[in-house]
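This is my_file11.cif (mmCIF, C-alpha atoms and all ligand atoms).
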```cif
data_start
#
loop_
_atom_site.group_PDB
_atom_site.id
_atom_site.type_symbol
_atom_site.label_atom_id
_atom_site.label_comp_id
_atom_site.auth_asym_id
_atom_site.auth_seq_id
_atom_site.Cartn_x
_atom_site.Cartn_y
_atom_site.Cartn_z
ATOM 1 C CA MET A 941 -43.062 40.829 -121.365
ATOM 2 C CA THR A 942 -44.522 44.282 -121.022
ATOM 3 C CA PRO A 943 -42.498 47.053 -119.367
ATOM 4 C CA GLU A 944 -45.020 46.906 -116.460
ATOM 5 C CA GLU A 945 -44.431 43.191 -115.978
ATOM 6 C CA GLU A 946 -40.688 43.718 -116.106
ATOM 7 C CA GLU A 947 -40.940 46.473 -113.525
ATOM 8 C CA ALA A 948 -43.073 44.229 -111.243
ATOM 9 C CA ILE A 949 -40.503 41.432 -111.392
ATOM 10 C CA ARG A 950 -37.679 43.874 -110.713
ATOM 11 C CA ARG A 951 -39.509 45.249 -107.673
ATOM 12 C CA GLU A 952 -40.210 41.773 -106.332
ATOM 13 C CA PHE A 953 -36.552 40.869 -106.731
ATOM 14 C CA GLU A 954 -35.419 44.044 -104.984
ATOM 15 C CA ALA A 955 -37.844 43.442 -102.136
ATOM 16 C CA SER A 956 -36.663 39.866 -101.576
ATOM 17 C CA ARG A 957 -33.055 41.001 -101.741
ATOM 18 C CA GLN A 958 -33.748 43.643 -99.130
ATOM 19 C CA ALA A 959 -35.489 41.068 -96.894
ATOM 20 C CA GLY A 960 -32.499 38.731 -97.224
ATOM 21 C CA HIS A 961 -30.158 41.581 -96.407
ATOM 22 C CA GLU A 962 -32.139 42.479 -93.298
ATOM 23 C CA GLN A 963 -32.166 38.868 -92.177
ATOM 24 C CA THR A 964 -28.398 38.636 -92.569
ATOM 25 C CA GLN A 965 -28.007 41.833 -90.590
ATOM 26 C CA GLN A 966 -30.147 40.387 -87.825
ATOM 27 C CA GLN A 967 -28.060 37.251 -87.787
ATOM 28 C CA HIS A 968 -24.928 39.349 -87.482
ATOM 29 C CA GLN A 969 -26.393 41.249 -84.584
ATOM 30 C CA GLY A 970 -26.549 37.844 -82.878
ATOM 31 C CA PRO A 971 -29.148 36.448 -80.524
ATOM 32 C CA GLU A 972 -30.511 38.462 -77.657
ATOM 33 C CA MET A 973 -28.810 38.493 -74.273
ATOM 34 C CA PHE A 974 -31.106 37.358 -71.494
ATOM 35 C CA GLN A 975 -31.685 40.006 -68.839
ATOM 36 C CA VAL A 976 -31.814 39.191 -65.148
ATOM 37 C CA ASN A 977 -34.677 40.634 -63.134
ATOM 38 C CA ALA A 978 -34.502 43.104 -60.277
ATOM 39 C CA LEU A 979 -34.726 40.313 -57.692
ATOM 40 C CA SER A 980 -31.549 38.606 -58.864
ATOM 41 C CA ASN A 981 -27.927 39.516 -58.415
ATOM 42 C CA VAL A 982 -25.662 36.791 -59.754
ATOM 43 C CA LYS A 983 -21.936 37.375 -59.352
ATOM 44 C CA HIS A 984 -20.461 34.457 -61.299
ATOM 45 C CA VAL A 985 -22.015 32.102 -63.841
ATOM 46 C CA ILE A 986 -20.070 28.872 -64.380
ATOM 47 C CA GLY A 987 -21.132 26.307 -66.984
ATOM 48 C CA VAL A 988 -20.460 22.581 -66.659
ATOM 49 C CA VAL A 989 -20.091 20.982 -70.080
ATOM 50 C CA SER A 990 -19.051 17.765 -71.753
ATOM 51 C CA GLY A 991 -18.525 16.680 -75.316
ATOM 52 C CA LYS A 992 -21.093 13.909 -74.815
ATOM 53 C CA GLY A 993 -23.684 12.603 -72.366
ATOM 54 C CA GLY A 994 -23.379 10.265 -69.407
ATOM 55 C CA VAL A 995 -19.877 11.262 -68.333
ATOM 56 C CA GLY A 996 -20.881 12.741 -64.979
ATOM 57 C CA LYS A 997 -21.607 16.354 -65.837
ATOM 58 C CA SER A 998 -24.513 16.542 -63.434
ATOM 59 C CA LEU A 999 -22.498 14.811 -60.737
ATOM 60 C CA VAL A 1000 -19.707 17.363 -61.122
ATOM 61 C CA THR A 1001 -22.277 20.190 -61.011
ATOM 62 C CA GLY A 1002 -23.690 18.689 -57.815
ATOM 63 C CA ILE A 1003 -20.249 18.280 -56.235
ATOM 64 C CA LEU A 1004 -19.180 21.833 -57.120
ATOM 65 C CA ALA A 1005 -22.445 23.251 -55.749
ATOM 66 C CA THR A 1006 -22.078 21.257 -52.537
ATOM 67 C CA GLU A 1007 -18.449 22.238 -52.048
ATOM 68 C CA LEU A 1008 -19.098 25.919 -52.809
ATOM 69 C CA MET A 1009 -21.926 25.857 -50.285
ATOM 70 C CA ARG A 1010 -19.642 24.224 -47.700
ATOM 71 C CA ALA A 1011 -17.130 27.015 -48.412
ATOM 72 C CA GLY A 1012 -19.794 29.509 -47.366
ATOM 73 C CA LYS A 1013 -20.880 30.745 -50.801
ATOM 74 C CA SER A 1014 -24.448 31.302 -51.940
ATOM 75 C CA VAL A 1015 -25.155 28.942 -54.813
ATOM 76 C CA GLY A 1016 -27.797 28.319 -57.437
ATOM 77 C CA ILE A 1017 -28.076 25.624 -60.093
ATOM 78 C CA LEU A 1018 -29.780 26.242 -63.398
ATOM 79 C CA ASP A 1019 -30.439 22.779 -64.811
ATOM 80 C CA ALA A 1020 -30.132 23.537 -68.522
ATOM 81 C CA ASP A 1021 -30.263 19.846 -69.435
ATOM 82 C CA ILE A 1022 -33.910 20.486 -70.154
ATOM 83 C CA THR A 1023 -34.742 17.115 -71.677
ATOM 84 C CA GLY A 1024 -32.557 15.087 -69.288
ATOM 85 C CA PRO A 1025 -32.673 16.858 -65.937
ATOM 86 C CA SER A 1026 -31.091 15.047 -63.001
ATOM 87 C CA ILE A 1027 -30.184 17.752 -60.483
ATOM 88 C CA PRO A 1028 -33.384 17.698 -58.357
ATOM 89 C CA LYS A 1029 -33.142 13.967 -57.700
ATOM 90 C CA MET A 1030 -29.510 14.258 -56.649
ATOM 91 C CA PHE A 1031 -30.514 16.809 -54.013
ATOM 92 C CA GLY A 1032 -33.602 14.895 -52.900
ATOM 93 C CA ILE A 1033 -36.042 17.558 -54.102
ATOM 94 C CA GLY A 1034 -37.531 15.650 -57.036
ATOM 95 C CA ASN A 1035 -40.998 15.966 -55.575
ATOM 96 C CA GLU A 1036 -40.915 19.709 -55.081
ATOM 97 C CA ARG A 1037 -42.399 22.099 -57.612
ATOM 98 C CA LEU A 1038 -41.400 25.602 -58.586
ATOM 99 C CA THR A 1039 -43.878 28.231 -57.478
ATOM 100 C CA ALA A 1040 -44.953 31.248 -59.463
ATOM 101 C CA MET A 1041 -45.193 34.668 -57.894
ATOM 102 C CA GLY A 1042 -47.508 36.917 -59.845
ATOM 103 C CA GLU A 1043 -47.502 36.503 -63.582
ATOM 104 C CA HIS A 1044 -43.830 36.523 -64.429
ATOM 105 C CA LEU A 1045 -41.771 35.579 -61.431
ATOM 106 C CA ILE A 1046 -40.663 32.048 -60.524
ATOM 107 C CA LEU A 1047 -39.346 31.053 -57.116
ATOM 108 C CA PRO A 1048 -36.573 28.426 -57.232
ATOM 109 C CA ALA A 1049 -36.710 25.285 -55.113
ATOM 110 C CA ASN A 1050 -34.331 25.094 -52.158
ATOM 111 C CA THR A 1051 -32.195 22.130 -51.183
ATOM 112 C CA VAL A 1052 -31.585 21.159 -47.550
ATOM 113 C CA THR A 1053 -28.571 23.465 -47.260
ATOM 114 C CA GLY A 1054 -30.158 26.249 -49.301
ATOM 115 C CA ILE A 1055 -28.894 25.717 -52.847
ATOM 116 C CA LYS A 1056 -31.451 27.267 -55.195
ATOM 117 C CA VAL A 1057 -32.463 24.945 -58.005
ATOM 118 C CA VAL A 1058 -34.434 25.436 -61.173
ATOM 119 C CA SER A 1059 -35.079 22.441 -63.433
ATOM 120 C CA THR A 1060 -37.704 21.156 -65.837
ATOM 121 C CA ASN A 1061 -38.176 18.248 -63.451
ATOM 122 C CA LEU A 1062 -39.633 20.751 -61.016
ATOM 123 C CA ILE A 1063 -42.350 21.878 -63.422
ATOM 124 C CA LEU A 1064 -43.483 18.531 -64.818
ATOM 125 C CA GLU A 1065 -46.540 16.892 -63.361
ATOM 126 C CA HIS A 1066 -44.577 13.737 -62.599
ATOM 127 C CA GLU A 1067 -40.824 13.515 -62.147
ATOM 128 C CA SER A 1068 -40.664 10.714 -64.703
ATOM 129 C CA ASP A 1069 -42.679 12.472 -67.432
ATOM 130 C CA PRO A 1070 -40.624 12.709 -70.622
ATOM 131 C CA VAL A 1071 -39.933 16.194 -71.953
ATOM 132 C CA LEU A 1072 -41.180 16.111 -75.540
ATOM 133 C CA TRP A 1073 -40.628 19.708 -76.536
ATOM 134 C CA ARG A 1074 -39.300 21.147 -79.744
ATOM 135 C CA GLY A 1075 -36.546 23.740 -80.057
ATOM 136 C CA PRO A 1076 -38.524 26.970 -79.527
ATOM 137 C CA MET A 1077 -40.153 25.588 -76.398
ATOM 138 C CA LEU A 1078 -36.751 24.521 -75.001
ATOM 139 C CA MET A 1079 -35.368 28.012 -75.658
ATOM 140 C CA GLY A 1080 -38.412 29.574 -74.030
ATOM 141 C CA VAL A 1081 -37.940 27.516 -70.885
ATOM 142 C CA LEU A 1082 -34.240 28.335 -70.736
ATOM 143 C CA LYS A 1083 -35.001 32.041 -71.086
ATOM 144 C CA GLN A 1084 -37.579 31.877 -68.312
ATOM 145 C CA PHE A 1085 -35.190 29.951 -66.061
ATOM 146 C CA TYR A 1086 -32.702 32.774 -66.373
ATOM 147 C CA GLU A 1087 -34.886 35.869 -66.679
ATOM 148 C CA ASP A 1088 -37.949 35.096 -64.606
ATOM 149 C CA VAL A 1089 -36.462 33.289 -61.617
ATOM 150 C CA ALA A 1090 -35.961 35.259 -58.414
ATOM 151 C CA TRP A 1091 -32.410 34.021 -57.853
ATOM 152 C CA GLY A 1092 -31.705 36.545 -55.129
ATOM 153 C CA GLU A 1093 -28.081 37.211 -54.181
ATOM 154 C CA LEU A 1094 -25.892 34.453 -55.640
ATOM 155 C CA ASP A 1095 -22.132 34.170 -55.506
ATOM 156 C CA TYR A 1096 -22.287 31.333 -58.023
ATOM 157 C CA LEU A 1097 -24.857 30.164 -60.522
ATOM 158 C CA LEU A 1098 -23.828 26.791 -61.927
ATOM 159 C CA VAL A 1099 -25.361 25.846 -65.239
ATOM 160 C CA ASP A 1100 -25.629 22.096 -65.816
ATOM 161 C CA MET A 1101 -25.448 22.150 -69.594
ATOM 162 C CA PRO A 1102 -27.084 19.689 -71.957
ATOM 163 C CA PRO A 1103 -24.542 17.248 -73.402
ATOM 164 C CA GLY A 1104 -22.818 18.098 -76.631
ATOM 165 C CA THR A 1105 -23.048 21.167 -78.784
ATOM 166 C CA GLY A 1106 -26.745 21.476 -79.644
ATOM 167 C CA ASP A 1107 -29.183 24.360 -79.726
ATOM 168 C CA VAL A 1108 -29.721 24.781 -76.004
ATOM 169 C CA ALA A 1109 -25.990 24.748 -75.245
ATOM 170 C CA LEU A 1110 -25.437 27.379 -77.913
ATOM 171 C CA THR A 1111 -28.200 29.534 -76.489
ATOM 172 C CA VAL A 1112 -26.744 29.278 -72.991
ATOM 173 C CA PHE A 1113 -23.391 30.484 -74.296
ATOM 174 C CA GLN A 1114 -24.857 33.258 -76.418
ATOM 175 C CA SER A 1115 -27.555 34.558 -74.106
ATOM 176 C CA ILE A 1116 -26.245 34.050 -70.569
ATOM 177 C CA PRO A 1117 -23.044 35.748 -69.368
ATOM 178 C CA VAL A 1118 -21.103 32.535 -68.682
ATOM 179 C CA GLU A 1119 -17.806 33.450 -67.065
ATOM 180 C CA GLY A 1120 -16.122 30.109 -67.627
ATOM 181 C CA VAL A 1121 -16.777 26.441 -68.277
ATOM 182 C CA VAL A 1122 -15.685 23.324 -66.462
ATOM 183 C CA ILE A 1123 -15.260 20.464 -68.937
ATOM 184 C CA VAL A 1124 -16.049 16.959 -67.733
ATOM 185 C CA SER A 1125 -14.716 13.890 -69.482
ATOM 186 C CA SER A 1126 -14.413 10.211 -68.736
ATOM 187 C CA PRO A 1127 -11.423 8.067 -69.633
ATOM 188 C CA GLN A 1128 -13.268 5.754 -71.983
ATOM 189 C CA ASP A 1129 -14.014 8.654 -74.313
ATOM 190 C CA LEU A 1130 -11.764 9.133 -77.205
ATOM 191 C CA VAL A 1131 -10.547 11.752 -74.803
ATOM 192 C CA GLN A 1132 -8.846 14.213 -77.047
ATOM 193 C CA MET A 1133 -11.598 14.285 -79.620
ATOM 194 C CA VAL A 1134 -14.477 14.631 -77.175
ATOM 195 C CA VAL A 1135 -12.702 17.138 -74.948
ATOM 196 C CA GLY A 1136 -11.611 18.961 -78.107
ATOM 197 C CA LYS A 1137 -15.241 19.473 -79.083
ATOM 198 C CA ALA A 1138 -16.000 21.142 -75.777
ATOM 199 C CA VAL A 1139 -12.806 23.206 -75.866
ATOM 200 C CA ASN A 1140 -13.494 24.362 -79.416
ATOM 201 C CA MET A 1141 -17.087 25.217 -78.663
ATOM 202 C CA ALA A 1142 -16.021 27.370 -75.736
ATOM 203 C CA ALA A 1143 -13.408 29.065 -77.927
ATOM 204 C CA MET A 1144 -15.928 29.740 -80.692
ATOM 205 C CA MET A 1145 -18.324 31.205 -78.143
ATOM 206 C CA ASP A 1146 -15.574 33.285 -76.557
ATOM 207 C CA VAL A 1147 -16.036 31.669 -73.150
ATOM 208 C CA PRO A 1148 -12.904 30.836 -71.137
ATOM 209 C CA VAL A 1149 -12.298 27.251 -70.018
ATOM 210 C CA VAL A 1150 -11.825 26.903 -66.243
ATOM 211 C CA GLY A 1151 -10.327 23.441 -66.693
ATOM 212 C CA LEU A 1152 -10.890 19.712 -67.057
ATOM 213 C CA VAL A 1153 -12.332 17.211 -64.569
ATOM 214 C CA GLU A 1154 -11.839 13.568 -65.372
ATOM 215 C CA ASN A 1155 -14.655 11.519 -63.928
ATOM 216 C CA MET A 1156 -14.631 7.717 -63.404
ATOM 217 C CA SER A 1157 -10.896 8.017 -63.630
ATOM 218 C CA TYR A 1158 -9.912 5.134 -61.345
ATOM 219 C CA TYR A 1159 -11.328 2.681 -58.860
ATOM 220 C CA VAL A 1160 -10.112 1.966 -55.338
ATOM 221 C CA CYS A 1161 -10.631 -1.690 -54.421
ATOM 222 C CA PRO A 1162 -12.650 -1.795 -51.178
ATOM 223 C CA ASN A 1163 -10.842 -4.988 -50.107
ATOM 224 C CA CYS A 1164 -7.202 -4.334 -50.821
ATOM 225 C CA GLY A 1165 -7.289 -0.515 -51.091
ATOM 226 C CA GLU A 1166 -5.350 -0.693 -54.312
ATOM 227 C CA ARG A 1167 -6.009 1.850 -57.037
ATOM 228 C CA HIS A 1168 -7.014 0.412 -60.421
ATOM 229 C CA GLU A 1169 -7.512 2.146 -63.741
ATOM 230 C CA PRO A 1170 -10.084 -0.059 -65.488
ATOM 231 C CA PHE A 1171 -10.034 2.070 -68.634
ATOM 232 C CA GLY A 1172 -6.248 2.124 -68.805
ATOM 233 C CA PRO A 1173 -3.889 4.829 -67.604
ATOM 234 C CA SER A 1174 -5.485 8.259 -67.490
ATOM 235 C CA ARG A 1175 -4.680 10.565 -70.372
ATOM 236 C CA ALA A 1176 -6.464 13.538 -68.845
ATOM 237 C CA GLU A 1177 -3.283 15.315 -67.761
ATOM 238 C CA GLU A 1178 -1.856 14.938 -71.256
ATOM 239 C CA THR A 1179 -5.139 16.042 -72.835
ATOM 240 C CA ALA A 1180 -5.352 19.138 -70.643
ATOM 241 C CA LYS A 1181 -1.799 20.024 -71.604
ATOM 242 C CA HIS A 1182 -2.571 19.457 -75.271
ATOM 243 C CA PHE A 1183 -5.373 22.010 -75.166
ATOM 244 C CA GLY A 1184 -3.550 24.364 -72.812
ATOM 245 C CA ILE A 1185 -6.168 24.096 -70.068
ATOM 246 C CA ASP A 1186 -5.886 23.413 -66.335
ATOM 247 C CA MET A 1187 -6.485 20.004 -64.800
ATOM 248 C CA LEU A 1188 -9.113 20.394 -62.072
ATOM 249 C CA GLY A 1189 -9.067 16.916 -60.634
ATOM 250 C CA ARG A 1190 -9.906 13.268 -61.134
ATOM 251 C CA LEU A 1191 -12.894 11.565 -59.568
ATOM 252 C CA PRO A 1192 -12.947 7.839 -58.812
ATOM 253 C CA ILE A 1193 -15.659 5.417 -59.845
ATOM 254 C CA ASP A 1194 -17.392 5.089 -56.526
ATOM 255 C CA PRO A 1195 -20.615 3.107 -56.029
ATOM 256 C CA ALA A 1196 -21.151 5.084 -52.811
ATOM 257 C CA ILE A 1197 -21.274 8.316 -54.829
ATOM 258 C CA ALA A 1198 -23.766 6.794 -57.267
ATOM 259 C CA ALA A 1199 -25.855 5.688 -54.297
ATOM 260 C CA LEU A 1200 -25.975 9.080 -52.651
ATOM 261 C CA CYS A 1201 -26.996 10.652 -55.970
ATOM 262 C CA ASP A 1202 -29.824 8.130 -56.220
ATOM 263 C CA GLN A 1203 -30.879 8.730 -52.638
ATOM 264 C CA GLY A 1204 -30.677 12.495 -52.962
ATOM 265 C CA THR A 1205 -28.270 12.929 -50.064
ATOM 266 C CA ILE A 1206 -25.317 14.449 -51.885
ATOM 267 C CA GLU A 1207 -25.118 17.497 -49.601
ATOM 268 C CA ARG A 1208 -25.105 15.439 -46.428
ATOM 269 C CA ASP A 1209 -22.984 12.477 -47.454
ATOM 270 C CA LEU A 1210 -20.540 13.688 -50.077
ATOM 271 C CA PRO A 1211 -16.940 13.075 -48.945
ATOM 272 C CA GLU A 1212 -14.956 16.292 -48.381
ATOM 273 C CA HIS A 1213 -12.322 17.719 -50.722
ATOM 274 C CA LEU A 1214 -13.275 15.819 -53.878
ATOM 275 C CA LEU A 1215 -12.586 18.734 -56.184
ATOM 276 C CA ASP A 1216 -10.298 20.998 -54.205
ATOM 277 C CA GLU A 1217 -8.282 22.131 -57.227
ATOM 278 C CA ALA A 1218 -11.471 23.154 -58.998
ATOM 279 C CA LEU A 1219 -12.636 25.074 -55.921
ATOM 280 C CA ASP A 1220 -9.288 26.842 -55.637
ATOM 281 C CA ILE A 1221 -9.677 28.166 -59.165
ATOM 282 C CA ILE A 1222 -13.415 28.888 -59.134
ATOM 283 C CA ALA A 1223 -13.546 30.394 -55.651
ATOM 284 C CA PRO A 1224 -10.047 31.379 -54.577
ATOM 285 C CA VAL A 1225 -9.966 31.954 -50.821
ATOM 286 C CA ASP A 1226 -8.137 35.271 -51.078
ATOM 287 C CA ALA A 1227 -10.562 36.665 -53.677
ATOM 288 C CA GLU A 1228 -12.986 38.183 -51.171
HETATM 289 N N1 LIG B 1 -17.605 8.754 -60.363
HETATM 290 C C1 LIG B 1 -18.751 8.089 -60.355
HETATM 291 N N2 LIG B 1 -18.912 6.976 -59.584
HETATM 292 C C2 LIG B 1 -20.067 6.311 -59.598
HETATM 293 N N3 LIG B 1 -21.137 6.641 -60.333
HETATM 294 C C3 LIG B 1 -21.055 7.726 -61.107
HETATM 295 C C4 LIG B 1 -19.868 8.495 -61.153
HETATM 296 N N4 LIG B 1 -20.087 9.529 -62.021
HETATM 297 C C5 LIG B 1 -21.341 9.401 -62.457
HETATM 298 N N5 LIG B 1 -21.935 8.327 -61.935
HETATM 299 C C6 LIG B 1 -23.286 7.876 -62.203
HETATM 300 O O1 LIG B 1 -23.440 7.778 -63.607
HETATM 301 C C7 LIG B 1 -24.676 8.305 -64.029
HETATM 302 C C8 LIG B 1 -24.457 9.436 -65.037
HETATM 303 O O2 LIG B 1 -23.883 10.541 -64.374
HETATM 304 P P1 LIG B 1 -24.426 12.019 -64.645
HETATM 305 O O3 LIG B 1 -23.700 12.932 -63.746
HETATM 306 O O4 LIG B 1 -25.905 12.039 -64.567
HETATM 307 O O5 LIG B 1 -23.934 12.204 -66.164
HETATM 308 P P2 LIG B 1 -24.289 13.359 -67.230
HETATM 309 O O6 LIG B 1 -24.901 14.499 -66.497
HETATM 310 O O7 LIG B 1 -22.970 13.695 -67.853
HETATM 311 O O8 LIG B 1 -25.219 12.733 -68.212
HETATM 312 C C9 LIG B 1 -25.410 8.737 -62.763
HETATM 313 O O9 LIG B 1 -26.267 7.725 -62.360
HETATM 314 C C10 LIG B 1 -24.297 8.931 -61.755
HETATM 315 O O10 LIG B 1 -24.715 8.726 -60.429
HETATM 316 MG MG MG B 2 -26.873 15.216 -66.612
#
```

Show me this structure written as C-alpha cells.
Amino acid sequence: MTPEEEEAIRREFEASRQAGHEQTQQQHQGPEMFQVNALSNVKHVIGVVSGKGGVGKSLVTGILATELMRAGKSVGILDADITGPSIPKMFGIGNERLTAMGEHLILPANTVTGIKVVSTNLILEHESDPVLWRGPMLMGVLKQFYEDVAWGELDYLLVDMPPGTGDVALTVFQSIPVEGVVIVSSPQDLVQMVVGKAVNMAAMMDVPVVGLVENMSYYVCPNCGERHEPFGPSRAEETAKHFGIDMLGRLPIDPAIAALCDQGTIERDLPEHLLDEALDIIAPVDAE
C-alpha cells in the first residue's frame, strides 16, 4: 500500500466516523417538537392510550370529549389512530371531509355540539378505504394534524392514540406537548402486564399518567338488574395501586353504548356521569 493509498483510507475512515458522530448527536438532540400555528391556542393536551387494541380507547376518548363539552369546555379530538380511525363514525360525521384553506391550513370537522375533529377517515375518499401508508407518511399526517389544523381556542385537545407502543405513539409523545395520559384497560387483559406497558411508556417519555379507566368491567343484567363480572372480579383497583396511579372509573359492558357509537349519536345519547372521577381530575371545577 502506497502512502497515498494509506492516507486515502485514513481520510475515508475519519469522514465516516465524523458522519456517525453527527448522526448520534442528532439522535441525542431528539425529534423535532411540532409547532402549533397562529390560529390555534390549545390549553391542555390529553392522550388516551392502551397497551393493546380493542379495549375501548376510542370509546373513552369519545366519552371524555362529550363530558368535557357538557361541562362547558371547548374540545378537539386529534384521531392519532391513523390506520384504525373510529372517532368520526362515533360522532356521526363519517361522511364529512376536512377542508383546506389556502395551501397549508386545514379546517377540522365539527360534531353536532361543536367538538372539532381531525382524522384520517375525514381525508379518505371512502370511509371504508384502508390506510396503507408506511411510517414516514403516517408521521407526515400526524404532523399536519397538529401543525396545520386551525384548532382555534381549545380548552382540551384529546389525542386518541394508536394502540400499543409503536412509531406513531412515540412521535405523539415526543413531538406534541402531551400534558398527561389516560390509560384504558379491559379486565380480560393480563391487566398488570398490559397496563404496565402503557405506564412504562409514559414514564420513559416523561409524560404524567392521569389515571386508569377499566372498560368492559362489569355487566348489569337488564332483567334482574344484578351486576355481573363476566371476566372475574376486577383487578383494576389493585393494578392502579401497584403502579401508583389514580383509578378514574370503571365502565360497564353496555350494548346500548356500542349501539350509539355505531349510530354516531354519542353526544346526544350518552348517559350522564359515566366518568365523573376522570372529569374531576382532568377538568377540576375550581380550576378556572
Ligand atoms: N363498554 C362497552 N360496552 C359495549 N361496547 C363497547 C364498550 N367498549 C367498547 N365497545 C365496543 O367495542 C369496540 C372497540 O372499542 P374501541 O373504543 O373502538 O376500542 P379501541 O379504540 O381501543 O380499539 C367498539 O365497537 C365499541 O363500540
Ligand atoms: Mg380506536

(request) Check every protein, DNA and RNA residue against ligand LIG 1 (chain B), keep those with an atom at most 8 Å away (counting all atoms listed in the file), and present them as JSON, numbers by chain. (result) {"A": [990, 992, 993, 994, 995, 996, 997, 998, 999, 1000, 1001, 1024, 1026, 1100, 1102, 1103, 1124, 1155, 1156, 1157, 1191, 1192, 1193, 1194, 1195, 1196, 1197, 1198, 1199, 1200, 1201, 1202]}

(request) Check what the PyMOL selection byres (((chain A and resi 1038) around 7) and not hetatm) selects in the file above and give those residues as a PyMOL selection string. (result) chain A and resi 1036-1037+1039-1040+1046-1049+1062-1063

(request) Name the residues in contact with Gly1104 of chain A at a cut-off of 10 Å, using all atoms listed in the file, excluding same-chain residues fewer than 4 positions from it; report them as a PyMOL selection string. (result) chain A and resi 989-993+1108-1110+1134+1137-1138+1141

(message) Would you compute the distance between atom CA of Leu1082 of chain A and atom CA of Phe1113 of chain A? Give it in Å to one decimal.
(response) 11.6 Å

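Using all atoms listed in the file for every distance, the candidate list A:Thr1023, A:Gln1203, A:Thr1105, A:Gln1114 yields A:Thr1023 as the residue closest to ligand MG 2 (chain B).
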
(message) Can you spell out as a ChimeraX atom specification the set of residues that the PyMOL selection byres (((chain A and resi 1093) around 7) and not hetatm) selects in the structure I just provided?
(response) /A:980-982,1091-1092,1094-1095

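Here atom CA of Val1139 of chain A stands at a distance of 16.7 Å from atom CA of Thr1111 of chain A.
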
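What separates atom CA of Gly1189 of chain A from atom CA of Ala1020 of chain A is a distance of 23.4 Å.
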
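If you measure from each of A:Glu945, A:Glu1007, A:Asp1021, A:Glu1067 to ligand MG 2 (chain B) using all atoms listed in the file, the closest one turns out to be A:Asp1021.
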
(request) Kindly resolve the PyMOL selection byres (((chain A and resi 1011) around 12) and not hetatm) on the present coordinates and return the residues as a list in words. (result) Leu1004, Ala1005, Thr1006, Glu1007, Leu1008, Met1009, Arg1010, Gly1012, Lys1013, Ser1014, Val1015, Asp1095, Tyr1096, Glu1212, His1213, Asp1216, Leu1219, Asp1220, Ile1222, Ala1223, Pro1224 and Val1225 of chain A

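Residue nearest Thr1060 of chain A within the list A:Lys1029, A:Arg1175, A:His1044, A:Arg1190: A:Lys1029 [criterion: smallest interatomic distance, only C-alpha atoms].
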